[in-house]
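File shown here: protein-v7.cif, holding mmCIF, C-alpha atoms.
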data_protein
#
loop_
_atom_site.label_atom_id
_atom_site.label_comp_id
_atom_site.auth_asym_id
_atom_site.auth_seq_id
_atom_site.Cartn_x
_atom_site.Cartn_y
_atom_site.Cartn_z
CA MET A 1 -28.21 16.50 3.20
CA LYS A 2 -27.52 12.77 2.94
CA LYS A 3 -24.72 11.32 5.05
CA VAL A 4 -22.14 9.03 3.45
CA ALA A 5 -19.45 6.90 5.10
CA PHE A 6 -16.50 5.08 3.57
CA TYR A 7 -14.59 1.97 4.57
CA THR A 8 -11.38 0.91 2.83
CA LEU A 9 -9.80 -2.53 2.77
CA GLY A 10 -6.40 -3.26 1.30
CA CYS A 11 -3.60 -1.18 -0.11
CA LYS A 12 -2.50 2.46 -0.22
CA LEU A 13 -3.91 2.67 -3.74
CA ASN A 14 -7.38 1.86 -2.41
CA TYR A 15 -7.01 4.59 0.23
CA ALA A 16 -6.11 7.13 -2.45
CA GLU A 17 -9.12 6.14 -4.54
CA THR A 18 -11.55 6.13 -1.59
CA SER A 19 -10.40 9.61 -0.59
CA THR A 20 -10.91 10.93 -4.12
CA ILE A 21 -14.38 9.38 -4.39
CA SER A 22 -15.31 10.85 -1.00
CA ARG A 23 -14.40 14.34 -2.27
CA MET A 24 -16.64 13.73 -5.30
CA PHE A 25 -19.53 13.10 -2.90
CA GLU A 26 -18.76 16.21 -0.87
CA GLN A 27 -18.67 18.32 -4.03
CA LYS A 28 -22.20 17.07 -4.79
CA GLY A 29 -23.45 18.19 -1.37
CA TYR A 30 -23.22 14.96 0.61
CA LEU A 31 -21.97 15.05 4.19
CA LYS A 32 -19.03 12.72 4.85
CA VAL A 33 -19.37 11.08 8.29
CA SER A 34 -17.75 8.26 10.24
CA PHE A 35 -18.92 4.70 9.74
CA GLU A 36 -20.69 4.67 13.13
CA ASP A 37 -22.59 7.94 12.60
CA ASN A 38 -25.79 6.40 11.13
CA PRO A 39 -24.94 7.09 7.47
CA ASP A 40 -27.56 7.00 4.73
CA ILE A 41 -24.97 5.52 2.34
CA PHE A 42 -22.02 3.17 2.94
CA ILE A 43 -19.28 2.87 0.30
CA ILE A 44 -17.02 -0.14 0.94
CA ASN A 45 -13.83 -0.27 -1.13
CA THR A 46 -12.64 -3.86 -1.22
CA CYS A 47 -9.46 -5.83 -1.69
CA SER A 48 -9.17 -9.40 -2.86
CA VAL A 49 -5.50 -10.24 -2.50
CA THR A 50 -6.31 -12.95 0.05
CA GLU A 51 -9.35 -14.99 0.99
CA ASN A 52 -9.41 -13.17 4.32
CA ALA A 53 -10.13 -9.85 2.56
CA ASP A 54 -13.28 -11.37 1.04
CA LYS A 55 -14.49 -12.44 4.49
CA LYS A 56 -13.79 -8.98 5.87
CA CYS A 57 -16.03 -7.44 3.22
CA LYS A 58 -18.96 -9.60 4.28
CA LYS A 59 -18.40 -8.73 7.94
CA ILE A 60 -18.35 -4.98 7.21
CA VAL A 61 -21.64 -5.24 5.32
CA ARG A 62 -23.23 -6.90 8.36
CA GLU A 63 -21.88 -4.15 10.64
CA ALA A 64 -23.17 -1.43 8.29
CA LYS A 65 -26.69 -2.86 8.37
CA LYS A 66 -26.58 -3.03 12.17
CA ILE A 67 -25.68 0.67 12.33
CA SER A 68 -28.16 1.83 9.66
CA PRO A 69 -30.68 -0.92 8.79
CA ASN A 70 -32.10 1.24 5.98
CA GLY A 71 -28.70 2.46 4.78
CA PHE A 72 -27.63 1.96 1.15
CA VAL A 73 -24.55 -0.29 0.83
CA ALA A 74 -22.38 -0.08 -2.31
CA ILE A 75 -19.35 -2.31 -2.86
CA ILE A 76 -16.48 -1.19 -5.10
CA GLY A 77 -12.86 -2.27 -5.55
CA CYS A 78 -11.02 -5.44 -6.56
CA TYR A 79 -13.39 -7.96 -4.97
CA ALA A 80 -16.31 -6.19 -6.68
CA GLN A 81 -14.67 -6.63 -10.09
CA LEU A 82 -13.73 -10.26 -9.54
CA LYS A 83 -17.00 -11.54 -8.04
CA PRO A 84 -19.83 -9.07 -8.69
CA LYS A 85 -22.62 -11.65 -8.74
CA GLU A 86 -21.40 -13.32 -5.55
CA ILE A 87 -21.27 -9.96 -3.76
CA SER A 88 -24.70 -8.92 -5.06
CA GLU A 89 -26.13 -11.95 -3.26
CA ILE A 90 -24.71 -10.93 0.14
CA LYS A 91 -27.60 -9.89 2.36
CA GLY A 92 -27.59 -6.10 2.77
CA VAL A 93 -25.68 -5.23 -0.42
CA ASP A 94 -27.55 -2.77 -2.67
CA ALA A 95 -25.04 -2.15 -5.46
CA VAL A 96 -21.79 -3.54 -6.85
CA LEU A 97 -19.52 -1.50 -9.13
CA GLY A 98 -16.54 -2.86 -11.01
CA ALA A 99 -13.21 -1.29 -11.95
CA ALA A 100 -14.55 0.64 -14.95
CA GLU A 101 -17.60 1.93 -13.02
CA LYS A 102 -16.45 2.81 -9.49
CA PHE A 103 -15.56 6.43 -10.31
CA ARG A 104 -19.01 6.84 -11.91
CA LEU A 105 -21.04 5.67 -8.92
CA LEU A 106 -22.63 9.09 -8.35
CA GLU A 107 -23.87 9.01 -11.94
CA LEU A 108 -24.93 5.35 -11.90
CA LEU A 109 -26.54 5.41 -8.42
CA ASP A 110 -27.98 8.91 -8.50
CA ASP A 111 -30.89 8.27 -6.14
CA PHE A 112 -29.21 5.71 -3.83
CA ALA A 113 -32.62 4.14 -3.32
CA VAL A 114 -32.73 0.64 -1.87
CA GLN A 115 -34.39 -1.75 -4.33
CA GLN A 116 -35.56 -5.34 -4.03
CA GLU A 117 -32.45 -6.68 -5.74
CA ALA A 118 -28.88 -5.42 -5.72
CA ARG A 119 -27.84 -3.48 -8.83
CA VAL A 120 -24.67 -4.67 -10.55
CA PHE A 121 -22.50 -2.44 -12.74
CA ALA A 122 -19.44 -4.49 -13.68
CA SER A 123 -18.01 -4.57 -17.20
CA GLU A 124 -15.39 -7.06 -18.33
CA ILE A 125 -11.96 -5.98 -17.08
CA GLN A 126 -10.89 -5.14 -20.65
CA GLU A 127 -13.23 -2.12 -20.37
CA ALA A 128 -11.13 -0.65 -17.55
CA GLN A 129 -8.78 1.34 -19.77
CA GLU A 130 -9.11 4.85 -18.42
CA PHE A 131 -6.72 6.18 -15.77
CA HIS A 132 -8.50 7.91 -12.90
CA GLN A 133 -6.30 10.34 -11.00
CA ALA A 134 -6.55 9.91 -7.21
CA PHE A 135 -4.88 11.00 -4.02
CA SER A 136 -5.80 10.86 -0.35
CA MET A 137 -6.47 14.09 1.52
CA HIS A 138 -7.10 14.98 5.17
CA ASP A 139 -7.18 11.30 6.17
CA ARG A 140 -3.65 10.85 7.46
CA THR A 141 -0.43 12.76 8.06
CA ARG A 142 0.88 11.60 4.69
CA THR A 143 -0.86 11.61 1.31
CA PHE A 144 -1.02 8.62 -1.03
CA LEU A 145 -0.69 9.80 -4.64
CA LYS A 146 -1.77 7.35 -7.35
CA VAL A 147 0.55 7.48 -10.36
CA GLN A 148 -0.15 4.12 -12.04
CA ASP A 149 -2.87 1.46 -12.17
CA GLY A 150 -3.24 -2.09 -13.48
CA CYS A 151 -0.53 -4.63 -14.27
CA ASN A 152 0.77 -6.38 -17.39
CA TYR A 153 2.62 -9.00 -15.37
CA GLY A 154 1.06 -12.42 -15.00
CA CYS A 155 2.31 -13.75 -11.68
CA ALA A 156 0.81 -17.18 -11.05
CA PHE A 157 -0.65 -16.29 -7.63
CA CYS A 158 -2.09 -12.86 -8.38
CA THR A 159 -5.62 -11.67 -9.24
CA ILE A 160 -4.70 -7.99 -9.62
CA PRO A 161 -4.58 -7.96 -13.47
CA LEU A 162 -8.06 -9.54 -13.42
CA ALA A 163 -9.28 -6.95 -10.91
CA ARG A 164 -7.62 -3.78 -12.24
CA GLY A 165 -6.81 -4.42 -15.87
CA LYS A 166 -3.76 -3.53 -17.92
CA SER A 167 -0.97 -1.19 -16.82
CA ARG A 168 -1.74 2.48 -17.40
CA SER A 169 -0.54 5.77 -15.99
CA GLU A 170 -1.29 9.44 -15.60
CA THR A 171 0.93 11.92 -17.44
CA ILE A 172 3.80 13.51 -15.55
CA ALA A 173 2.29 16.93 -16.24
CA ASN A 174 -0.99 16.00 -14.54
CA ILE A 175 0.77 14.32 -11.62
CA LEU A 176 2.81 17.47 -11.07
CA ARG A 177 -0.44 19.48 -10.95
CA SER A 178 -1.82 17.10 -8.30
CA ALA A 179 1.42 17.33 -6.31
CA GLU A 180 1.23 21.12 -6.39
CA GLU A 181 -2.38 20.96 -5.19
CA ILE A 182 -1.30 18.65 -2.34
CA ALA A 183 1.56 21.03 -1.46
CA ARG A 184 -0.96 23.81 -0.83
CA THR A 185 -2.59 21.74 1.94
CA ASP A 186 0.45 21.63 4.25
CA VAL A 187 1.01 17.90 3.70
CA LYS A 188 4.62 17.06 4.51
CA GLU A 189 4.97 13.61 2.93
CA VAL A 190 3.62 12.10 -0.31
CA VAL A 191 3.75 8.36 -0.94
CA LEU A 192 3.74 7.39 -4.63
CA THR A 193 1.43 4.45 -5.13
CA GLY A 194 0.08 2.18 -7.83
CA VAL A 195 -0.19 -1.50 -8.68
CA ASN A 196 3.20 -1.69 -10.38
CA ILE A 197 4.68 1.80 -10.15
CA GLY A 198 8.00 0.88 -11.71
CA ASP A 199 6.02 0.25 -14.91
CA PHE A 200 4.92 3.90 -14.89
CA GLY A 201 4.59 5.62 -18.27
CA ILE A 202 2.09 3.61 -20.31
CA GLN A 203 -0.67 5.81 -21.72
CA GLU A 204 -3.31 4.54 -24.18
CA GLY A 205 -1.45 1.25 -24.44
CA LYS A 206 1.95 2.74 -25.35
CA ARG A 207 4.96 3.62 -23.22
CA LYS A 208 5.36 7.39 -23.38
CA GLU A 209 7.23 8.24 -20.17
CA LYS A 210 9.45 6.51 -17.61
CA PHE A 211 9.46 6.16 -13.82
CA ILE A 212 12.85 7.88 -13.52
CA ASP A 213 11.43 10.89 -15.41
CA LEU A 214 8.52 11.04 -12.95
CA ILE A 215 10.59 11.04 -9.78
CA GLN A 216 13.06 13.55 -11.21
CA ALA A 217 10.15 15.88 -12.06
CA LEU A 218 8.51 15.49 -8.63
CA ASP A 219 11.80 16.28 -6.93
CA GLY A 220 11.38 19.84 -8.17
CA VAL A 221 7.94 20.37 -6.58
CA SER A 222 8.31 22.88 -3.76
CA GLY A 223 6.19 22.72 -0.63
CA ILE A 224 6.46 18.95 -0.08
CA ASP A 225 9.26 17.89 2.23
CA ARG A 226 9.24 14.18 1.49
CA PHE A 227 8.41 11.80 -1.32
CA ARG A 228 8.33 8.09 -0.53
CA ILE A 229 8.27 5.33 -3.17
CA SER A 230 5.88 2.51 -2.27
CA SER A 231 6.36 -1.08 -3.39
CA ILE A 232 8.44 -1.40 -6.57
CA GLU A 233 9.44 -4.56 -8.45
CA PRO A 234 13.19 -5.36 -8.22
CA ASN A 235 13.57 -5.70 -11.99
CA LEU A 236 12.07 -2.21 -12.43
CA LEU A 237 14.09 -0.56 -9.66
CA THR A 238 16.97 0.59 -11.83
CA ASN A 239 20.43 1.61 -10.72
CA GLU A 240 19.62 5.04 -12.16
CA ALA A 241 16.60 5.37 -9.82
CA ILE A 242 18.58 4.14 -6.81
CA THR A 243 21.38 6.62 -7.53
CA PHE A 244 18.85 9.43 -7.96
CA VAL A 245 17.18 8.72 -4.60
CA SER A 246 20.58 8.60 -2.89
CA GLN A 247 21.27 12.18 -4.10
CA SER A 248 17.76 13.61 -3.70
CA ALA A 249 16.82 16.07 -0.98
CA ARG A 250 13.14 15.07 -1.12
CA PHE A 251 13.00 11.35 -1.96
CA VAL A 252 13.62 9.46 1.27
CA PRO A 253 16.03 6.51 1.72
CA HIS A 254 13.37 3.81 1.99
CA PHE A 255 12.35 1.13 -0.51
CA HIS A 256 9.81 -1.68 -0.33
CA ILE A 257 10.83 -4.38 -2.80
CA PRO A 258 8.77 -7.57 -3.29
CA LEU A 259 10.85 -10.75 -3.27
CA GLN A 260 8.13 -13.45 -2.80
CA SER A 261 10.66 -16.29 -2.67
CA GLY A 262 14.39 -16.73 -2.20
CA SER A 263 14.32 -19.88 -4.33
CA ASN A 264 14.99 -19.43 -8.04
CA ALA A 265 12.96 -22.56 -8.80
CA LEU A 266 9.91 -21.05 -7.09
CA LEU A 267 10.46 -17.60 -8.62
CA ARG A 268 10.27 -19.23 -12.06
CA LYS A 269 7.18 -21.20 -11.07
CA MET A 270 5.53 -18.01 -9.77
CA GLY A 271 6.21 -16.26 -13.08
CA ARG A 272 8.36 -13.56 -11.47
CA ARG A 273 10.61 -11.56 -13.81
CA TYR A 274 13.90 -11.81 -11.91
CA LEU A 275 16.05 -14.26 -9.97
CA ARG A 276 17.45 -13.96 -6.46
CA GLU A 277 20.82 -12.78 -7.80
CA LEU A 278 19.24 -9.63 -9.24
CA TYR A 279 17.38 -9.02 -5.98
CA ARG A 280 20.60 -9.28 -3.97
CA ASP A 281 22.30 -6.93 -6.44
CA ARG A 282 19.60 -4.28 -5.92
CA VAL A 283 19.85 -4.50 -2.13
CA GLU A 284 23.64 -4.28 -2.22
CA LYS A 285 23.50 -1.27 -4.58
CA ILE A 286 21.09 0.53 -2.21
CA LYS A 287 23.17 -0.22 0.87
CA THR A 288 26.40 0.86 -0.86
CA LEU A 289 24.96 4.29 -1.69
CA MET A 290 22.69 4.63 1.39
CA PRO A 291 23.92 2.47 4.31
CA HIS A 292 21.12 3.83 6.53
CA CYS A 293 18.36 3.06 3.99
CA GLY A 294 15.32 1.09 5.19
CA ILE A 295 14.38 -1.84 2.96
CA GLY A 296 11.11 -3.73 3.29
CA VAL A 297 10.45 -7.09 1.64
CA ASP A 298 7.27 -8.93 0.59
CA VAL A 299 7.52 -12.71 0.81
CA ILE A 300 4.98 -15.50 0.21
CA VAL A 301 5.15 -18.81 2.09
CA GLY A 302 3.37 -22.02 1.19
CA PHE A 303 3.21 -21.50 -2.58
CA PRO A 304 2.32 -24.79 -4.34
CA GLY A 305 5.39 -26.99 -4.61
CA GLU A 306 7.31 -25.15 -1.86
CA THR A 307 9.34 -27.89 -0.16
CA GLU A 308 11.11 -27.56 3.16
CA ALA A 309 14.33 -27.06 1.19
CA HIS A 310 12.78 -24.22 -0.85
CA PHE A 311 11.54 -22.55 2.32
CA LEU A 312 14.93 -22.82 4.05
CA GLU A 313 16.55 -21.38 0.92
CA THR A 314 14.24 -18.35 1.27
CA TYR A 315 14.85 -18.08 5.02
CA GLU A 316 18.63 -18.21 4.68
CA PHE A 317 18.61 -15.78 1.76
CA LEU A 318 16.62 -13.23 3.76
CA ASN A 319 18.62 -13.81 6.90
CA ALA A 320 21.82 -12.93 5.05
CA LEU A 321 20.42 -9.81 3.34
CA PRO A 322 20.74 -6.38 5.03
CA VAL A 323 16.98 -5.72 4.86
CA SER A 324 14.93 -3.99 7.57
CA TYR A 325 11.61 -5.81 7.84
CA LEU A 326 9.40 -8.36 6.07
CA HIS A 327 5.75 -8.39 5.05
CA VAL A 328 4.91 -12.09 5.21
CA PHE A 329 1.95 -13.44 3.22
CA THR A 330 0.61 -16.94 3.77
CA TYR A 331 -0.30 -18.21 0.31
CA SER A 332 -4.04 -18.58 -0.26
CA GLU A 333 -5.65 -20.05 -3.35
CA ARG A 334 -7.36 -17.50 -5.61
CA ALA A 335 -9.80 -18.49 -8.33
CA ASN A 336 -8.73 -18.07 -11.98
CA THR A 337 -5.00 -17.98 -11.18
CA ARG A 338 -2.49 -20.52 -12.51
CA ALA A 339 -1.26 -21.30 -9.00
CA ALA A 340 -4.72 -22.53 -7.95
CA GLU A 341 -4.39 -25.39 -10.47
CA MET A 342 -0.82 -26.35 -9.50
CA GLU A 343 0.15 -29.58 -7.80
CA GLY A 344 2.10 -29.78 -4.57
CA VAL A 345 -0.39 -28.04 -2.28
CA VAL A 346 1.29 -27.18 1.02
CA PRO A 347 -0.84 -28.10 4.07
CA MET A 348 -2.16 -25.03 5.89
CA LYS A 349 -0.51 -26.10 9.15
CA ILE A 350 2.90 -26.01 7.44
CA ARG A 351 2.11 -22.68 5.74
CA ASN A 352 1.31 -21.18 9.13
CA GLN A 353 4.47 -22.60 10.72
CA ARG A 354 6.62 -21.09 7.98
CA SER A 355 4.81 -17.75 8.29
CA ARG A 356 5.57 -17.67 12.01
CA MET A 357 9.25 -18.38 11.37
CA LEU A 358 9.54 -15.51 8.90
CA ARG A 359 7.60 -13.11 11.14
CA ILE A 360 10.05 -13.84 13.95
CA LEU A 361 12.89 -13.24 11.49
CA SER A 362 11.24 -9.94 10.53
CA GLU A 363 11.21 -8.78 14.16
CA LYS A 364 14.89 -9.67 14.48
CA LYS A 365 15.68 -7.78 11.27
CA ARG A 366 13.71 -4.74 12.39
CA ARG A 367 15.36 -4.66 15.81
CA ALA A 368 18.85 -5.04 14.31
CA PHE A 369 18.12 -2.18 11.89
CA TYR A 370 16.87 0.04 14.72
CA GLU A 371 19.91 -0.81 16.86
CA GLU A 372 22.26 0.11 13.98
CA ASN A 373 20.73 3.58 13.97
CA LEU A 374 20.70 4.34 17.71
CA GLY A 375 22.63 7.47 18.56
CA LYS A 376 22.18 8.83 15.05
CA THR A 377 20.19 11.90 14.06
CA PHE A 378 17.18 11.70 11.77
CA GLN A 379 14.11 13.69 10.81
CA VAL A 380 10.76 12.43 12.07
CA LEU A 381 7.31 13.32 10.75
CA PHE A 382 5.06 13.16 13.82
CA GLU A 383 1.50 11.86 13.47
CA GLU A 384 -1.75 12.70 15.25
CA ASP A 385 -2.18 9.39 17.08
CA VAL A 386 -1.43 9.61 20.80
CA THR A 387 -1.21 6.57 23.09
CA ALA A 388 -0.54 6.77 26.84
CA GLY A 389 0.95 10.25 26.54
CA TYR A 390 3.24 9.37 23.62
CA MET A 391 3.01 10.29 19.96
CA GLN A 392 4.52 8.43 17.04
CA GLY A 393 6.17 9.17 13.75
CA PHE A 394 8.55 7.80 11.13
CA THR A 395 12.09 8.78 10.25
CA GLU A 396 12.94 9.22 6.60
CA ASN A 397 14.35 5.65 6.55
CA TYR A 398 11.16 4.25 8.13
CA ILE A 399 12.08 3.80 11.77
CA ARG A 400 9.05 4.19 14.02
CA VAL A 401 9.72 6.72 16.78
CA SER A 402 7.91 7.56 20.02
CA ALA A 403 8.15 10.92 21.79
CA LYS A 404 6.33 12.55 24.67
CA TYR A 405 3.11 14.11 23.40
CA ASP A 406 3.40 17.72 22.34
CA PRO A 407 0.56 19.16 20.20
CA VAL A 408 3.04 21.49 18.51
CA LEU A 409 4.79 18.47 16.96
CA ILE A 410 1.73 17.08 15.10
CA ASN A 411 2.36 17.03 11.32
CA GLU A 412 5.77 18.58 11.86
CA ILE A 413 9.14 17.25 10.74
CA LYS A 414 11.66 17.50 13.54
CA THR A 415 15.29 16.50 13.89
CA VAL A 416 15.77 13.91 16.64
CA THR A 417 18.50 11.74 18.07
CA LEU A 418 17.43 8.12 18.47
CA THR A 419 18.11 7.07 22.05
CA GLU A 420 16.78 3.60 22.85
CA ILE A 421 14.30 0.91 21.82
CA ASN A 422 11.34 0.55 24.18
CA ASP A 423 9.45 -2.63 25.07
CA LYS A 424 6.92 -1.95 22.30
CA GLY A 425 9.65 -2.06 19.67
CA THR A 426 9.66 1.64 18.80
CA VAL A 427 12.62 3.98 19.23
CA GLU A 428 12.11 6.59 21.93
CA VAL A 429 13.16 10.20 22.10
CA TRP A 430 13.01 10.72 25.82
CA GLU A 431 13.58 14.38 26.53
CA PRO A 432 11.71 17.25 24.85
CA GLU A 433 14.99 19.07 24.39
CA ASN A 434 16.05 16.23 22.10
CA VAL A 435 13.41 17.41 19.66
CA ILE A 436 14.73 20.37 17.67
CA ALA A 437 12.98 22.22 14.87
CA SER A 438 14.37 21.24 11.49
CA HIS A 439 15.21 23.73 8.77
#
Since I need it in another form, could you write the structure as structure tokens?
Amino acid sequence: MKKVAFYTLGCKLNYAETSTISRMFEQKGYLKVSFEDNPDIFIINTCSVTENADKKCKKIVREAKKISPNGFVAIIGCYAQLKPKEISEIKGVDAVLGAAEKFRLLELLDDFAVQQEARVFASEIQEAQEFHQAFSMHDRTRTFLKVQDGCNYGCAFCTIPLARGKSRSETIANILRSAEEIARTDVKEVVLTGVNIGDFGIQEGKRKEKFIDLIQALDGVSGIDRFRISSIEPNLLTNEAITFVSQSARFVPHFHIPLQSGSNALLRKMGRRYLRELYRDRVEKIKTLMPHCGIGVDVIVGFPGETEAHFLETYEFLNALPVSYLHVFTYSERANTRAAEMEGVVPMKIRNQRSRMLRILSEKKRRAFYEENLGKTFQVLFEEDVTAGYMQGFTENYIRVSAKYDPVLINEIKTVTLTEINDKGTVEVWEPENVIASH
């Protein structure tokens, strides 16, 4: 029985796909093992959102060959689609599979025999038209359920359409079947994921269903306590969807909404499909209906042409918004994107300074949000990780909670009262009697 190990870089969507591919291997009689357990085969699922992700891929290949010098190394994912030839020339790589081929790797690499040269299976991205259903299983407390893939947007900084192809989705009927299968495994929380999930509903190039229809249908699936919506574009987060979540028993009050810049001039230059006024409107609508709702924000600093005035416009805009935390991305040039050809390159030193400023703002936002919720009662899904006698979990509105370790609490949703913020920035539930079984 050959041993196979998986390593995933990047987003929740990649985790869902890796997990599904790993189950395909297990169904064929392979033994899934940890990366360090001398595998015969390594499958590395890559990301290419930033230059750093490319470097990580190369480092993981080196580590794999140290662990199993004769092991077979296959690279899949976004980086594999964008630069197959470059990856095939990395010492230790045996195969590269693009977006249209990664779910066929058992068929294409049947023998997993190391050859003199790396094998490359990477069609043009136009060939990636099929939707491959995927969800993570047994990897974490929550499950990532893929509902959409690809993107029809053309943001100036982004390689995702080049790496994943056009927007396409699974049918609601098939997603419901997957959700019901997940429900039978005692998973408590499902995170809906995709490249642009608000664009859900395109099948065979035509829009046949809508995102609101999907979440309304999933709300009726019994056996899953929580559904969480991952990143969703502000122009696709409709008032109807916000209102629905505010009234739902299963969809949690937490949104992650990319902003990228608080300057309208830069939003236009980036090719985003909204202005800051719409973004503010969405946040205000959410907070009006769900004052306790957690709101995360993606923001890019150092985009070409970003002046000090543009950056301060973004900083002040975010500072004034009632959001909960920021994911700050330092702009990095990506080949074959419009932004890479733009004038007004921001020096890396300034990019890093601006990133630090926004990360400090993020910590202030997160702490203020946590403080607003102290003394209130929420439901926490406790995870397996234990550090120094404490276990962690998230409330429905995405507050990270610590509680004294109790094995009975793992993968359980419990009602807690938030007491105080500790020096690590999590909210503690000090006494076991504060943890009460939820109904």
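Our summary of the geometry notes that CA of Lys83 (chain A) is positioned 16.4 Å from CA of Glu117 (chain A).
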**Request:** Within 9 Å of (-18.4, 6.6, 1.9) (coordinates as in the file), grab all the protein and nucleic acid residues, counting all atoms listed in the file, and write them out as number ranges by chain.
**Result:** A: 3-7, 18-19, 21-22, 25, 32-35, 39, 41-45, 74
**Asked** Care to translate the PyMOL selection byres ((chain A and resi 108) around 12) into actual residues of this file, as a ChimeraX atom specification?
**Response** /A:74,95-98,100-107,109-113,119-122
**Request:** I would like the residues chosen by the PyMOL selection byres ((chain A and resi 148) around 8) on the shown file; could you give them as a PyMOL selection string?
**Result:** chain A and resi 131+146-147+149-150+167-170+193-197+199-201
**Message:** One decimal, in Å: what's the spacing between CA of Lys58 (chain A) and CA of Ile87 (chain A)?
**Reply:**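 Spanning CA of Lys58 (chain A) to CA of Ile87 (chain A) is a straight-line distance of 8.4 Å.
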Could you please give me, as a PDB file with C-alpha atoms, in the coordinates of the input, the residues of protein, DNA or RNA lying at most 10 Å from (2.0, 18.5, 5.0) in the coordinate frame of the file, considering all atoms listed in the file?
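Contents of out27.pdb, freshly written:
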ATOM      1  CA  HIS A 138      -7.100  14.980   5.170  1.00  0.00           C
ATOM      2  CA  ARG A 140      -3.650  10.850   7.460  1.00  0.00           C
ATOM      3  CA  THR A 141      -0.430  12.760   8.060  1.00  0.00           C
ATOM      4  CA  ARG A 142       0.880  11.600   4.690  1.00  0.00           C
ATOM      5  CA  THR A 143      -0.860  11.610   1.310  1.00  0.00           C
ATOM      6  CA  ILE A 182      -1.300  18.650  -2.340  1.00  0.00           C
ATOM      7  CA  ALA A 183       1.560  21.030  -1.460  1.00  0.00           C
ATOM      8  CA  ARG A 184      -0.960  23.810  -0.830  1.00  0.00           C
ATOM      9  CA  THR A 185      -2.590  21.740   1.940  1.00  0.00           C
ATOM     10  CA  ASP A 186       0.450  21.630   4.250  1.00  0.00           C
ATOM     11  CA  VAL A 187       1.010  17.900   3.700  1.00  0.00           C
ATOM     12  CA  LYS A 188       4.620  17.060   4.510  1.00  0.00           C
ATOM     13  CA  GLU A 189       4.970  13.610   2.930  1.00  0.00           C
ATOM     14  CA  VAL A 190       3.620  12.100  -0.310  1.00  0.00           C
ATOM     15  CA  GLY A 223       6.190  22.720  -0.630  1.00  0.00           C
ATOM     16  CA  ILE A 224       6.460  18.950  -0.080  1.00  0.00           C
ATOM     17  CA  ASP A 225       9.260  17.890   2.230  1.00  0.00           C
ATOM     18  CA  ARG A 226       9.240  14.180   1.490  1.00  0.00           C
ATOM     19  CA  LEU A 381       7.310  13.320  10.750  1.00  0.00           C
ATOM     20  CA  ASN A 411       2.360  17.030  11.320  1.00  0.00           C
ATOM     21  CA  GLU A 412       5.770  18.580  11.860  1.00  0.00           C
ATOM     22  CA  ILE A 413       9.140  17.250  10.740  1.00  0.00           C
TER      23      ILE A 413
END
**Request:** Just say which residues the PyMOL selection byres ((chain A and resi 173) around 12) picks in this file, as a ChimeraX atom specification.
**Result:** /A:147,169-172,174-180,201,209,213-214,217-218,221
**Message:** What does the structure give for the distance between CA of Gln126 (chain A) and CA of Ala16 (chain A), in Å to one decimal?
**Reply:**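 Taking CA of Gln126 (chain A) as the start and CA of Ala16 (chain A) as the end point, the length is 22.5 Å.
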**Message:** Under the rule that only C-alpha atoms are counted, which of A:Phe135, A:Tyr390, A:Phe369, A:Phe303 is the nearest residue to Ala339 (chain A)?
**Reply:**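 Of A:Phe135, A:Tyr390, A:Phe369, A:Phe303, the one nearest Ala339 (chain A) is A:Phe303, counting only C-alpha atoms.
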**Message:** Calculated over all atoms listed in the file, which of the candidates A:Ser355, A:Ser230, A:Ser261, A:Gln392 has the smallest distance to Thr330 (chain A)?
**Reply:** A:Ser355
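Residues with any atom within 9 Å of Phe394 (chain A), counting all atoms listed in the file and excluding same-chain neighbours fewer than 6 positions away, are A:Gln379, A:Val380, A:Leu381, A:Phe382, A:Glu383, A:Arg400, A:Val401, A:Ser402.
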Output file for the residues above (C-alpha atoms, as a short mmCIF file (atom, residue, chain, number, x, y, z; two decimals), in the frame of the given file):
data_model
loop_
_atom_site.label_atom_id
_atom_site.label_comp_id
_atom_site.auth_asym_id
_atom_site.auth_seq_id
_atom_site.Cartn_x
_atom_site.Cartn_y
_atom_site.Cartn_z
CA GLN A 379 14.11 13.69 10.81
CA VAL A 380 10.76 12.43 12.07
CA LEU A 381 7.31 13.32 10.75
CA PHE A 382 5.06 13.16 13.82
CA GLU A 383 1.50 11.86 13.47
CA ARG A 400 9.05 4.19 14.02
CA VAL A 401 9.72 6.72 16.78
CA SER A 402 7.91 7.56 20.02
#
